[in-house]
Structures are given as structure tokens and as C-alpha cells.
>>> print(open('my_file-v4.cif').read())   # mmCIF, C-alpha atoms
data_final
loop_
_atom_site.label_atom_id
_atom_site.label_comp_id
_atom_site.auth_asym_id
_atom_site.auth_seq_id
_atom_site.Cartn_x
_atom_site.Cartn_y
_atom_site.Cartn_z
CA MET A 1215 87.21 109.64 -10.50
CA THR A 1216 88.92 112.92 -9.99
CA ARG A 1217 86.11 114.31 -7.85
CA THR A 1218 86.09 111.29 -5.61
CA THR A 1219 89.77 111.60 -5.05
CA THR A 1220 89.47 115.25 -4.18
CA VAL A 1221 86.73 114.66 -1.67
CA THR A 1222 88.71 111.87 -0.10
CA ILE A 1223 91.71 114.14 0.28
CA ALA A 1224 89.56 116.85 1.76
CA LEU A 1225 88.09 114.49 4.31
CA VAL A 1226 91.53 113.26 5.29
CA VAL A 1227 92.74 116.79 5.73
CA ALA A 1228 89.72 117.59 7.88
CA LEU A 1229 90.29 114.59 10.08
CA ILE A 1230 93.93 115.50 10.46
CA GLY A 1231 92.91 118.99 11.47
CA LEU A 1232 90.50 117.70 14.09
CA ALA A 1233 93.11 115.35 15.47
CA ALA A 1234 95.67 118.13 15.67
CA PHE A 1235 93.52 120.38 17.80
CA PRO A 1236 93.35 118.23 20.97
CA MET A 1237 97.06 117.55 20.66
CA GLY A 1238 97.73 121.26 20.77
CA ALA A 1239 95.51 121.66 23.84
CA SER A 1240 97.31 118.81 25.58
CA ALA A 1241 100.69 120.37 24.84
CA ALA A 1242 99.56 123.62 26.42
CA THR A 1243 98.59 121.88 29.69
CA ASP A 1244 102.17 120.47 30.01
CA LEU A 1245 103.54 123.98 30.62
CA SER A 1246 105.83 123.95 33.66
CA VAL A 1247 107.99 126.35 35.58
CA ASP A 1248 111.09 125.71 37.71
CA VAL A 1249 112.97 128.13 39.98
CA THR A 1250 116.55 127.51 41.18
CA GLN A 1251 119.22 129.65 42.81
CA ASP A 1252 122.86 129.78 41.76
CA SER A 1253 125.24 128.24 44.35
CA GLU A 1254 127.88 130.91 43.64
CA THR A 1255 125.80 134.09 43.43
CA GLY A 1256 122.38 133.41 44.88
CA ASP A 1257 120.63 134.70 41.75
CA ALA A 1258 117.36 132.95 40.99
CA LEU A 1259 116.70 131.43 37.54
CA VAL A 1260 113.12 130.87 36.31
CA THR A 1261 112.90 128.24 33.54
CA VAL A 1262 109.72 127.65 31.51
CA THR A 1263 109.25 124.49 29.44
CA THR A 1264 106.59 122.58 27.54
CA ASN A 1265 107.09 118.83 27.34
CA GLY A 1266 110.73 119.38 28.25
CA SER A 1267 111.32 122.06 25.60
CA ALA A 1268 112.15 125.68 26.42
CA VAL A 1269 109.32 128.16 25.88
CA GLU A 1270 110.46 131.51 24.49
CA ASN A 1271 108.51 134.71 25.12
CA ALA A 1272 106.50 133.22 27.96
CA THR A 1273 105.26 135.87 30.40
CA VAL A 1274 106.73 135.60 33.88
CA ASN A 1275 105.12 137.68 36.63
CA VAL A 1276 106.85 137.80 40.07
CA THR A 1277 105.07 139.11 43.17
CA SER A 1278 105.93 139.16 46.87
CA GLN A 1279 104.47 140.52 50.10
CA SER A 1280 108.02 141.49 51.18
CA ALA A 1281 110.38 143.92 49.55
CA TYR A 1282 112.27 142.24 46.72
CA ASP A 1283 114.05 143.72 43.73
CA GLY A 1284 112.98 140.89 41.43
CA THR A 1285 109.24 141.58 41.51
CA GLY A 1286 107.61 142.57 38.18
CA THR A 1287 106.82 141.12 34.74
CA ASN A 1288 109.39 139.65 32.34
CA GLU A 1289 109.53 137.48 29.20
CA THR A 1290 111.61 134.33 28.82
CA ASP A 1291 114.55 134.37 26.45
CA ALA A 1292 115.39 131.78 23.79
CA ASN A 1293 116.38 129.36 26.56
CA GLY A 1294 113.01 129.82 28.26
CA THR A 1295 114.60 131.55 31.27
CA VAL A 1296 114.27 134.71 33.31
CA GLN A 1297 116.94 135.70 35.86
CA LEU A 1298 116.03 137.27 39.21
CA PRO A 1299 118.48 138.97 41.62
CA ASN A 1300 119.87 137.50 44.87
CA PRO A 1301 117.53 138.59 47.67
CA ASN A 1302 118.76 140.68 50.58
CA GLU A 1303 116.80 138.49 52.99
CA THR A 1304 114.81 135.30 52.83
CA VAL A 1305 111.64 136.05 50.90
CA THR A 1306 108.68 134.10 49.52
CA VAL A 1307 107.66 134.95 45.95
CA ASN A 1308 104.83 133.88 43.67
CA VAL A 1309 105.91 133.14 40.08
CA THR A 1310 103.09 133.07 37.48
CA VAL A 1311 103.88 131.94 33.89
CA THR A 1312 101.59 132.32 30.90
CA ALA A 1313 102.25 130.75 27.48
CA ASN A 1314 100.01 129.46 24.66
CA ASP A 1315 96.89 130.56 26.53
CA THR A 1316 97.97 128.40 29.50
CA THR A 1317 98.89 129.71 32.95
CA VAL A 1318 100.80 127.99 35.76
CA SER A 1319 101.93 129.36 39.14
CA GLN A 1320 104.50 128.37 41.71
CA GLN A 1321 105.37 129.71 45.17
CA VAL A 1322 109.09 129.73 46.01
CA GLU A 1323 111.23 130.76 48.99
CA LEU A 1324 114.37 132.60 47.97
CA VAL A 1325 117.34 132.58 50.37
CA PRO A 1326 120.26 135.03 50.31
CA TYR A 1327 123.53 133.50 49.16
CA GLU A 1328 125.16 134.30 52.52
CA GLU A 1329 122.61 132.05 54.22
CA SER A 1330 122.39 129.40 51.54
CA LEU A 1331 124.33 126.66 53.35
CA ASP A 1332 122.26 124.34 55.50
CA VAL A 1333 123.07 121.49 57.91
CA ASP A 1334 120.71 118.89 59.31
CA VAL A 1335 121.51 116.34 62.05
CA THR A 1336 119.78 113.00 62.59
CA GLN A 1337 120.38 110.15 65.04
CA GLU A 1338 119.41 106.54 64.43
CA ASP A 1339 117.98 104.17 67.01
CA ASP A 1340 121.41 102.56 67.40
CA GLY A 1341 122.89 105.95 68.37
CA ALA A 1342 124.62 106.72 65.04
CA VAL A 1343 124.80 110.46 64.35
CA THR A 1344 124.68 111.79 60.76
CA ALA A 1345 125.09 115.39 59.58
CA THR A 1346 123.88 116.35 56.08
CA VAL A 1347 125.10 119.56 54.45
CA THR A 1348 123.26 121.14 51.51
CA GLN A 1349 123.18 124.44 49.64
CA TYR A 1350 119.93 125.42 47.98
CA GLY A 1351 118.84 121.83 48.42
CA GLU A 1352 121.91 120.31 46.74
CA ALA A 1353 124.46 118.09 48.53
CA VAL A 1354 127.76 119.79 49.42
CA GLU A 1355 130.87 117.61 49.26
CA ASN A 1356 133.99 118.23 51.39
CA ALA A 1357 132.19 120.50 53.82
CA THR A 1358 133.67 120.53 57.33
CA VAL A 1359 131.35 119.55 60.16
CA GLU A 1360 132.17 120.24 63.82
CA ALA A 1361 130.10 119.37 66.88
CA ASP A 1362 130.38 120.80 70.41
CA GLY A 1363 128.27 119.60 73.32
CA GLU A 1364 127.39 120.77 76.79
CA ALA A 1365 129.13 117.90 78.60
CA ASN A 1366 132.72 117.53 77.38
CA TYR A 1367 131.75 116.38 73.89
CA SER A 1368 133.29 117.39 70.58
CA ALA A 1369 133.51 115.73 67.17
CA SER A 1370 134.44 116.62 63.59
CA ALA A 1371 134.13 115.08 60.13
CA THR A 1372 134.06 115.90 56.40
CA THR A 1373 131.08 115.32 54.14
CA ASP A 1374 131.20 112.76 51.32
CA GLU A 1375 129.76 113.11 47.81
CA ASN A 1376 126.28 112.80 49.25
CA GLY A 1377 126.90 115.71 51.59
CA THR A 1378 126.81 113.46 54.68
CA ALA A 1379 129.25 113.02 57.57
CA THR A 1380 129.16 110.59 60.51
CA LEU A 1381 129.83 111.99 63.97
CA ALA A 1382 130.82 110.13 67.13
CA GLN A 1383 127.99 109.54 69.57
CA PRO A 1384 128.39 111.45 72.87
CA GLU A 1385 128.75 109.47 76.07
CA ASP A 1386 126.07 111.47 77.87
CA THR A 1387 122.75 112.74 76.53
CA GLN A 1388 123.11 116.48 75.86
CA ASN A 1389 122.40 119.41 73.57
CA VAL A 1390 124.96 119.62 70.78
CA THR A 1391 125.70 122.51 68.40
CA VAL A 1392 126.74 121.37 64.92
CA THR A 1393 128.45 123.82 62.55
CA ALA A 1394 129.08 123.19 58.83
CA SER A 1395 131.56 125.18 56.74
CA ALA A 1396 132.09 125.25 52.97
CA ASP A 1397 134.04 127.91 51.09
CA ASP A 1398 133.06 131.19 52.78
CA LEU A 1399 129.71 129.95 54.01
CA THR A 1400 128.65 128.50 57.38
CA ALA A 1401 125.53 126.92 58.79
CA GLU A 1402 124.65 125.96 62.34
CA THR A 1403 122.02 123.95 64.15
CA THR A 1404 121.48 122.74 67.72
CA THR A 1405 119.93 119.40 68.61
CA GLN A 1406 119.80 116.95 71.50
CA LEU A 1407 121.77 113.75 71.05
CA GLU A 1408 121.20 110.61 73.07
CA GLY A 1409 124.36 109.49 74.85
CA SER A 1410 125.85 106.01 74.69
CA ALA A 1411 126.40 105.85 78.45
CA GLN A 1412 123.91 103.90 80.52
CA LEU A 1413 122.97 104.13 84.17
CA GLU A 1414 125.24 101.86 86.21
CA VAL A 1415 125.15 100.72 89.83
CA SER A 1416 127.71 98.85 91.92
CA ALA A 1417 127.93 97.65 95.53
CA GLU A 1418 131.15 97.11 97.47
CA GLN A 1419 131.69 95.74 100.95
CA ARG A 1420 134.44 97.38 102.94
CA THR A 1421 135.47 97.14 106.57
CA ASP A 1422 133.55 100.32 107.38
CA GLY A 1423 130.32 99.37 105.64
CA VAL A 1424 128.66 98.46 102.35
CA PHE A 1425 128.67 101.22 99.74
CA VAL A 1426 126.39 101.52 96.71
CA THR A 1427 127.54 103.82 93.90
CA VAL A 1428 125.34 105.03 91.02
CA THR A 1429 126.96 106.54 87.91
CA HIS A 1430 126.02 107.59 84.39
CA GLY A 1431 129.10 107.41 82.25
CA SER A 1432 131.82 109.13 84.24
CA ASP A 1433 129.42 111.20 86.33
CA ALA A 1434 128.05 110.40 89.78
CA VAL A 1435 124.24 110.46 89.91
CA GLU A 1436 122.78 112.40 92.82
CA ASN A 1437 119.26 111.70 94.14
CA ALA A 1438 119.00 108.38 92.34
CA THR A 1439 116.54 105.98 93.96
CA VAL A 1440 118.22 102.82 95.29
CA GLU A 1441 116.20 99.76 96.30
CA ILE A 1442 117.92 97.07 98.41
CA GLU A 1443 116.56 93.52 98.63
CA ALA A 1444 118.20 90.48 100.24
CA ASP A 1445 117.80 86.71 100.14
CA SER A 1446 117.93 86.52 103.96
CA ASP A 1447 117.91 88.82 106.99
CA TYR A 1448 119.83 92.04 106.38
CA ALA A 1449 119.44 95.35 108.21
CA GLY A 1450 120.18 97.34 105.04
CA THR A 1451 117.08 96.40 103.02
CA GLY A 1452 114.86 99.32 102.01
CA THR A 1453 114.78 102.38 99.74
CA TYR A 1454 117.44 105.12 99.72
CA GLU A 1455 118.56 108.17 97.72
CA THR A 1456 122.14 108.74 96.62
CA ASP A 1457 124.12 111.67 97.98
CA ALA A 1458 126.12 114.25 96.01
CA ASN A 1459 128.76 111.58 95.34
CA GLY A 1460 126.18 109.17 93.98
CA GLU A 1461 126.59 106.92 97.02
CA VAL A 1462 124.46 105.16 99.61
CA ALA A 1463 126.06 103.72 102.77
CA LEU A 1464 124.61 100.47 104.13
CA PRO A 1465 125.36 98.52 107.32
CA LEU A 1466 127.62 95.48 107.32
CA PRO A 1467 125.86 92.12 107.23
CA GLN A 1468 125.03 90.07 110.30
CA GLU A 1469 125.31 86.89 108.26
CA ASN A 1470 126.35 85.90 104.76
CA VAL A 1471 123.74 87.34 102.41
CA THR A 1472 123.22 88.19 98.74
CA ILE A 1473 121.69 91.58 98.07
CA THR A 1474 119.99 92.84 94.91
CA VAL A 1475 120.54 96.55 94.24
CA THR A 1476 118.27 98.43 91.81
CA ALA A 1477 118.98 102.06 90.92
CA THR A 1478 116.59 104.37 89.04
CA ALA A 1479 117.29 107.85 87.65
CA ASP A 1480 115.92 109.84 84.68
CA ASN A 1481 113.78 106.94 83.45
CA GLU A 1482 116.78 104.60 83.40
CA THR A 1483 117.23 101.54 85.59
CA ALA A 1484 120.30 99.51 86.53
CA THR A 1485 120.55 96.38 88.67
CA THR A 1486 123.35 94.39 90.28
CA THR A 1487 123.72 91.62 92.83
CA THR A 1488 126.49 91.40 95.44
CA ASP A 1489 127.48 88.76 97.99
CA LEU A 1490 128.09 90.17 101.47
CA THR A 1491 129.99 88.12 104.05
CA VAL A 1492 130.95 88.34 107.70
CA ALA A 1493 134.49 87.07 107.06
CA PHE A 1494 135.87 90.55 107.67
CA VAL A 1495 135.30 90.08 111.43
CA GLU A 1496 137.78 87.22 111.60
CA GLU A 1497 140.15 88.94 109.21
CA GLU A 1498 140.21 92.12 111.28
CA GLY A 1499 140.70 90.14 114.49
CA ILE A 1500 139.25 92.92 116.62
CA PHE A 1501 135.59 92.34 117.18
CA GLY A 1502 135.05 95.56 119.11
CA GLN A 1503 136.28 97.54 116.13
CA ALA A 1504 133.91 95.62 113.87
CA VAL A 1505 130.97 96.45 116.15
CA SER A 1506 131.92 100.13 116.12
CA GLN A 1507 132.09 100.07 112.35
CA PHE A 1508 128.69 98.42 112.19
CA VAL A 1509 127.15 101.13 114.38
CA ALA A 1510 128.79 103.84 112.27
CA ALA A 1511 127.41 102.24 109.10
CA LEU A 1512 123.90 102.22 110.62
CA GLN A 1513 124.19 105.93 111.34
CA THR A 1514 125.52 106.69 107.87
CA ALA A 1515 122.70 104.73 106.27
CA GLY A 1516 120.17 106.84 108.16
CA PHE A 1517 118.84 103.96 110.28
CA ASP A 1518 116.07 105.52 112.37
CA GLY A 1519 114.75 102.55 114.33
CA PRO A 1520 115.82 101.34 117.79
CA PRO A 1521 119.42 100.23 117.20
CA GLY A 1522 119.75 98.03 120.26
CA GLN A 1523 118.25 94.86 118.82
CA VAL A 1524 119.99 95.28 115.46
CA ILE A 1525 123.36 95.70 117.15
CA SER A 1526 122.65 92.79 119.47
CA ASP A 1527 121.80 90.57 116.52
CA PHE A 1528 125.00 91.63 114.83
CA VAL A 1529 127.09 90.84 117.89
CA THR A 1530 125.40 87.47 118.33
CA GLY A 1531 125.72 86.53 114.70
CA ASN A 1532 129.27 87.71 114.16
CA ASN A 1533 131.11 87.33 117.47
CA PRO A 1534 134.13 85.14 116.78
CA GLY A 1535 133.61 83.80 120.31
CA ASN A 1536 130.62 81.86 119.01
CA ALA A 1537 132.76 79.80 116.68
CA ALA A 1538 134.04 76.36 117.76
CA ASP A 1539 137.63 77.46 117.44
CA ALA A 1540 137.14 81.09 118.35
CA PRO A 1541 139.14 82.86 121.08
CA GLY A 1542 137.59 82.22 124.49
CA LEU A 1543 136.25 78.75 123.64
CA ALA A 1544 138.43 75.66 124.03
CA ASP A 1545 138.11 72.75 121.65
CA GLU A 1546 136.36 70.03 123.63
CA ASN A 1547 138.85 67.54 122.24
CA GLU A 1548 141.78 69.54 123.57
CA THR A 1549 140.77 70.19 127.21
CA ASP A 1550 141.47 68.02 130.21
CA GLY A 1551 139.13 69.95 132.47
CA ASN A 1552 141.79 72.43 133.55
CA GLU A 1553 143.35 73.62 130.26
CA THR A 1554 141.99 76.12 127.80
CA ASP A 1555 144.24 76.86 124.87
CA ASP A 1556 142.97 80.28 123.98
CA ALA A 1557 140.42 81.37 126.57
CA PRO A 1558 141.01 84.80 128.13
CA GLY A 1559 142.59 84.31 131.54
CA ARG A 1560 143.96 80.92 130.49
CA SER A 1561 146.00 81.74 127.44
CA GLY A 1562 149.74 82.25 127.60
CA ASP A 1563 149.34 86.00 127.39
CA ALA A 1564 146.23 86.58 129.53
CA PRO A 1565 146.44 89.04 132.46
CA GLY A 1566 147.89 87.34 135.55
CA GLN A 1567 149.16 84.46 133.45
CA SER A 1568 151.14 86.07 130.64
CA ASN A 1569 154.87 86.16 130.32
CA GLY A 1570 156.17 88.79 132.68
CA ALA A 1571 152.75 89.35 134.30
CA PRO A 1572 152.78 90.41 137.99
CA GLY A 1573 153.11 87.41 140.27
CA GLN A 1574 153.96 85.06 137.46
CA SER A 1575 157.41 83.86 136.39
CA GLU A 1576 158.10 83.68 132.68
CA ALA A 1577 156.51 80.53 131.31
CA ALA A 1578 158.82 78.15 129.51
CA ASP A 1579 157.73 76.41 126.34
CA ASP A 1580 158.00 72.98 128.03
CA GLY A 1581 156.34 74.13 131.28
CA ASP A 1582 159.28 72.96 133.45
CA ARG A 1583 160.32 76.24 135.02
CA GLU A 1584 159.95 76.83 138.77
CA ARG A 1585 157.25 79.18 139.95
CA GLY A 1586 158.21 79.56 143.64
CA PRO A 1587 159.94 77.64 146.38
CA ASP A 1588 158.47 74.43 145.15
CA SER A 1589 159.42 73.25 141.72
CA ALA A 1590 156.79 71.57 139.58
CA ALA A 1591 156.44 70.53 135.99
CA ALA A 1592 153.63 72.75 134.81
CA ASN A 1593 152.33 74.56 131.72
CA GLY A 1594 151.37 77.74 133.61
CA ASN A 1595 147.82 76.56 134.35
CA ALA A 1596 147.79 72.85 135.34
CA ALA A 1597 148.14 71.94 139.04
CA ASP A 1598 150.89 69.63 140.22
CA ASP A 1599 150.49 66.52 142.36
CA ARG A 1600 151.89 68.00 145.54
CA ASP A 1601 150.22 67.73 148.92
CA ARG A 1602 149.17 71.34 149.44
CA GLY A 1603 147.52 71.13 152.87
CA PRO A 1604 143.93 70.94 154.05
CA ASP A 1605 143.12 74.49 152.90
CA ALA A 1606 144.47 74.05 149.41
CA ARG A 1607 141.97 74.00 146.54
CA ASP A 1608 142.07 71.11 144.19
CA ASP A 1609 143.25 72.51 140.89
CA GLU A 1610 141.83 69.52 139.09
CA THR A 1611 138.35 71.04 138.91
CA GLU A 1612 137.17 71.07 135.31
CA ASP A 1613 136.76 74.55 133.86
CA ASP A 1614 133.64 75.27 131.91
CA SER A 1615 134.44 76.14 128.26
CA ASP A 1616 132.10 79.12 128.39
CA ASP A 1617 133.77 80.86 131.44
CA ASP A 1618 134.62 84.45 130.62
CA ALA A 1619 137.98 86.14 131.12
CA GLU A 1620 137.15 87.50 134.57
CA GLU A 1621 136.16 84.09 135.96
CA SER A 1622 139.31 82.54 134.51
CA ASP A 1623 141.47 85.22 136.15
CA ASP A 1624 139.82 84.51 139.54
CA ALA A 1625 140.49 80.78 139.13
CA ASP A 1626 144.13 81.50 138.34
CA ALA A 1627 144.42 83.71 141.41
CA ASP A 1628 143.11 80.88 143.59
CA ASP A 1629 145.59 78.50 141.99
CA ASP A 1630 148.41 80.87 142.73
CA ASP A 1631 147.33 81.20 146.37
CA ASN A 1632 147.42 77.45 146.76
CA ASP A 1633 150.58 76.53 144.91
CA GLY A 1634 152.84 79.31 146.23
CA THR A 1635 153.76 80.87 142.90
CA GLY A 1636 154.77 84.13 144.49
CA ALA A 1637 151.64 86.09 143.49
CA PRO A 1638 150.83 89.15 145.65
CA GLY A 1639 149.51 88.07 149.08
CA ASN A 1640 151.15 84.68 148.81
CA SER A 1641 154.85 84.98 149.58
CA GLY A 1642 156.68 81.72 150.06
CA SER A 1643 154.95 78.46 151.01
CA PRO A 1644 151.93 78.75 153.30
CA PRO A 1645 151.89 76.78 156.56
CA GLY A 1646 151.08 73.15 156.09
CA GLN A 1647 152.33 73.13 152.49
CA ARG A 1648 155.58 71.72 151.33
#
>>> encode(input="my_file-v4.cif", output="C-alpha cells")
Amino acid sequence: MTRTTTVTIALVVALIGLAAFPMGASAATDLSVDVTQDSETGDALVTVTTNGSAVENATVNVTSQSAYDGTGTNETDANGTVQLPNPNETVTVNVTVTANDTTVSQQVELVPYEESLDVDVTQEDDGAVTATVTQYGEAVENATVEADGEANYSASATTDENGTATLAQPEDTQNVTVTASADDLTAETTTQLEGSAQLEVSAEQRTDGVFVTVTHGSDAVENATVEIEADSDYAGTGTYETDANGEVALPLPQENVTITVTATADNETATTTTDLTVAFVEEEGIFGQAVSQFVAALQTAGFDGPPGQVISDFVTGNNPGNAADAPGLADENETDGNETDDAPGRSGDAPGQSNGAPGQSEAADDGDRERGPDSAAANGNAADDRDRGPDARDDETEDDSDDDAEESDDADADDDDNDGTGAPGNSGSPPGQR
């Protein structure tokens, strides 16, 4: 009985011993090493542990291809640590630890304390700009972040507990220098930030032409490509490049038209549509000036074709004289064959017929003033019913509504010769006329 018990105990002890051996080998493979630098001094601390527990008397061998005062062999203290000095410059070291017949190695970059602060800048797809400040890989709270750009951009912020700060997005795409400060340390980085501004194009009709302007934010864009399309005939269609002011000058329209303007610059595109009208001709009231402005706009736009037909089309399409109520054309419902309300040479202020014109007495509003020896009720143009002799021309002849100013003046001169108005060459009443 006793012997059996003894053997059983011995077997149990042997089994326990066998089980203990692989556990010891497993513990040895869990040896680990960690290297950190102090945020106040820059000294490096090597910590050796096994399964989370400090390993005392572990051998720590430090080597480097660069000069470093911390190279050599040391043993960990009761806390499983070895302290290495702050490097004079950034250096890469190899740390090899041996304990319980197990060896592990780690390669580490050591940074001088004076250069320990770091700042990183990122920009999201929506344009948001974030700066992250760290020291030896740890977030730095309350660090000051300032940004300065190439194109009138500046921004500042303070980091939160995560070491991050949000900066305003610049209007224009540009290189930006970001500087972080914490205590007596600084860090700096330069990156390109995408601006919030987009390419913009506008078109404006003025009395001296149609002007296209291309901008990016507050800046004019030179050498931008501008494509002009129209929904009907327009002399300004084609492709242009903007000048130093970001502008393209186009001719005035010959008829009401809607143009589509597309501008392209630096891989950006902008489009706008604008309605152009010929109303300015009537508003200005001086068609000759409008024609001159049209010709000037053609020259400004760089029109290099024969201008004659283009100008002719403009004159034909925009001449107020082509309108039913335009100057020079009488309303067919208001003429009696001898009256034209507004036609040159027939209007109240046309040469030879205007108030105070040579050979013409001042016209009264009711047409009853005398215009020579014979008194007649007239409006300044209509003939009276007098017997004016065999050589007198009948003033009842119907004027054509399309007669020009010169023909009208000739007709008036004939009238004056026949009715004795006192025009030059017709003093008094001619023989045979009362």
C-alpha cells in the first residue's frame, strides 16, 4: 500500500515536471522590448518585460551606424529598464535584449528633444483642413497652429485633447506653410491646399460691346479659353482667350440672341448663358453711334474676316428705320399722301422745314400762321386749295413712305416755290398766282 502510494506520487511529480518545462519555454518567447523618449528631456527609456512583467538583469545591447553616446551594453534594473541619453541628432539604433536564453531585437529612431514636436496637415475631399500636432508620437494639447499661404491666406487655431486643430480652407489653391508651437518647441511643414474658389465666367452686354469676364475667386484669369455658342446668328461665336484682365470683348448682336459661354482654365470649367438684345439701339437713339460701337467691338474681338457683310447685316437688322414706327417711316394709317409725321425732311424740325429754318416762318402748333403774302391754314407741309397758276405743282401728290431725307427736302423746296412761302429764289407771289 505504501509503495503504491509512493510510486503514484512520483509519477505525478514527473508529470508536473514535464508540464512545467514547455510553460517555461513559452514564457521565454513572450520577451518584449519597448523604447520611448521623454517629452521633457528627450532621454530614451528601454523597458524589457515578459508577459507584462518587468525583467530584471536582462542584457540590453545598443548599436548604431551613427555617433551616439548611448551605444554599448547595459543591464535592466528592478523595473526592467535601461535609460539612454538624448541624442544630439536624429539617429537610428538597434536595441537587442537577451533574457532567459531568449533574444529579441528592435530598431528605433531617436529624435533630439529640440526637434521632437511634429505637425501633420491633411485635407478632406470636402475641403476641410486638419492639423495634428504630436511629440514623440503622442498628441499635444493646446499647441498653437498658424498657417500662411502664398496668396493672401492665413489661419490659426489651437489643438484639442487629440492634438488636432481645424484650419479655414483657403479661397485659392496654393502652397501653405503650417507652424505648430508648444512650450519652447516648434514644428513646421509645407503642403498644398485646394482652394474653395471655383472658376467663374460672366457675360455682360454694354453699349460698347459684349464683355466676357473669367475669374477664380477674386483674381482675373488670363489666357483662359472661352467658347461662344449662340441659338441663332451671332457674329461673336467662336473660340477666344482672355486678356490680362480676364476679359474677352465680343461684338453687339444683330438680333436678339442667347449665347452660351464656356470658360476653361487649369482643368476647371465654368459655363453661363446670357440673353443679348438689340434694344440698346432704340434706347441710345443715335444709330450711327451704335454702328460705330459695333465696328469697334468687332476690332476689339479680333474679327479677322471681311467686315463689310457683317456690318451690313448689323445695319439691316438693327436700323430703327426698319421698324413700323421708326423715324423716317410714316404710319400708313396716319398719312394722307402728303404728310409724314417723323420722316426726315417732313418732320417739324427737318432742314428747310424746322422752326426758324431759312425760308420758313416759325410753324404754329395749329398750322394757321401765314407763310408769305398769301395766308393759308397749313401744318408746314400740306398744300392749300389756292389757284397757284399753270406752272404750280400740285402739292397733293402722295409721298412714298420710304423716301429719304434728301428727296423730302427737294419736295419741300418745290412746294415753297409754288406757294410763295418766301424761300430763297421765291420772293413774293410769282406771276399768275394770287
>>> resolve_selection(input="my_file-v4.cif", expression="the PyMOL selection byres ((chain A and resi 1489-1491) around 8)", output="list in words")
Gln1419, Leu1466, Pro1467, Glu1469, Asn1470, Val1471, Thr1472, Ile1473, Thr1487, Thr1488, Val1492, Ala1493 and Phe1494 of chain A
>>> write_last_selection(input="my_file-v4.cif", atoms="C-alpha atoms", output="PDB file, in the frame of the given file")
ATOM      1  CA  GLN A1419     131.690  95.740 100.950  1.00  0.00           C
ATOM      2  CA  LEU A1466     127.620  95.480 107.320  1.00  0.00           C
ATOM      3  CA  PRO A1467     125.860  92.120 107.230  1.00  0.00           C
ATOM      4  CA  GLU A1469     125.310  86.890 108.260  1.00  0.00           C
ATOM      5  CA  ASN A1470     126.350  85.900 104.760  1.00  0.00           C
ATOM      6  CA  VAL A1471     123.740  87.340 102.410  1.00  0.00           C
ATOM      7  CA  THR A1472     123.220  88.190  98.740  1.00  0.00           C
ATOM      8  CA  ILE A1473     121.690  91.580  98.070  1.00  0.00           C
ATOM      9  CA  THR A1487     123.720  91.620  92.830  1.00  0.00           C
ATOM     10  CA  THR A1488     126.490  91.400  95.440  1.00  0.00           C
ATOM     11  CA  VAL A1492     130.950  88.340 107.700  1.00  0.00           C
ATOM     12  CA  ALA A1493     134.490  87.070 107.060  1.00  0.00           C
ATOM     13  CA  PHE A1494     135.870  90.550 107.670  1.00  0.00           C
TER      14      PHE A1494
END
>>> closest_residue(input="my_file-v4.cif", among="A:Val1462, A:Tyr1327, A:Gly1341, A:Ala1382", to="A:Ala1401", atoms="only C-alpha atoms")
A:Tyr1327
>>> residues_around(input="my_file-v4.cif", residues="A:Asp1527", least_positions_apart="6", cutoff="10 Å", atoms="all atoms listed in the file", output="list in words")
Ala1449, Gln1468, Glu1469, Pro1521 and Asn1533 of chain A
>>> atom_distance(input="my_file-v4.cif", atom1="atom CA of A:Ser1432", atom2="atom CA of A:Thr1483")
16.5 Å
>>> atom_distance(input="my_file-v4.cif", atom1="atom CA of A:Asn1389", atom2="atom CA of A:Asp1332")
18.7 Å
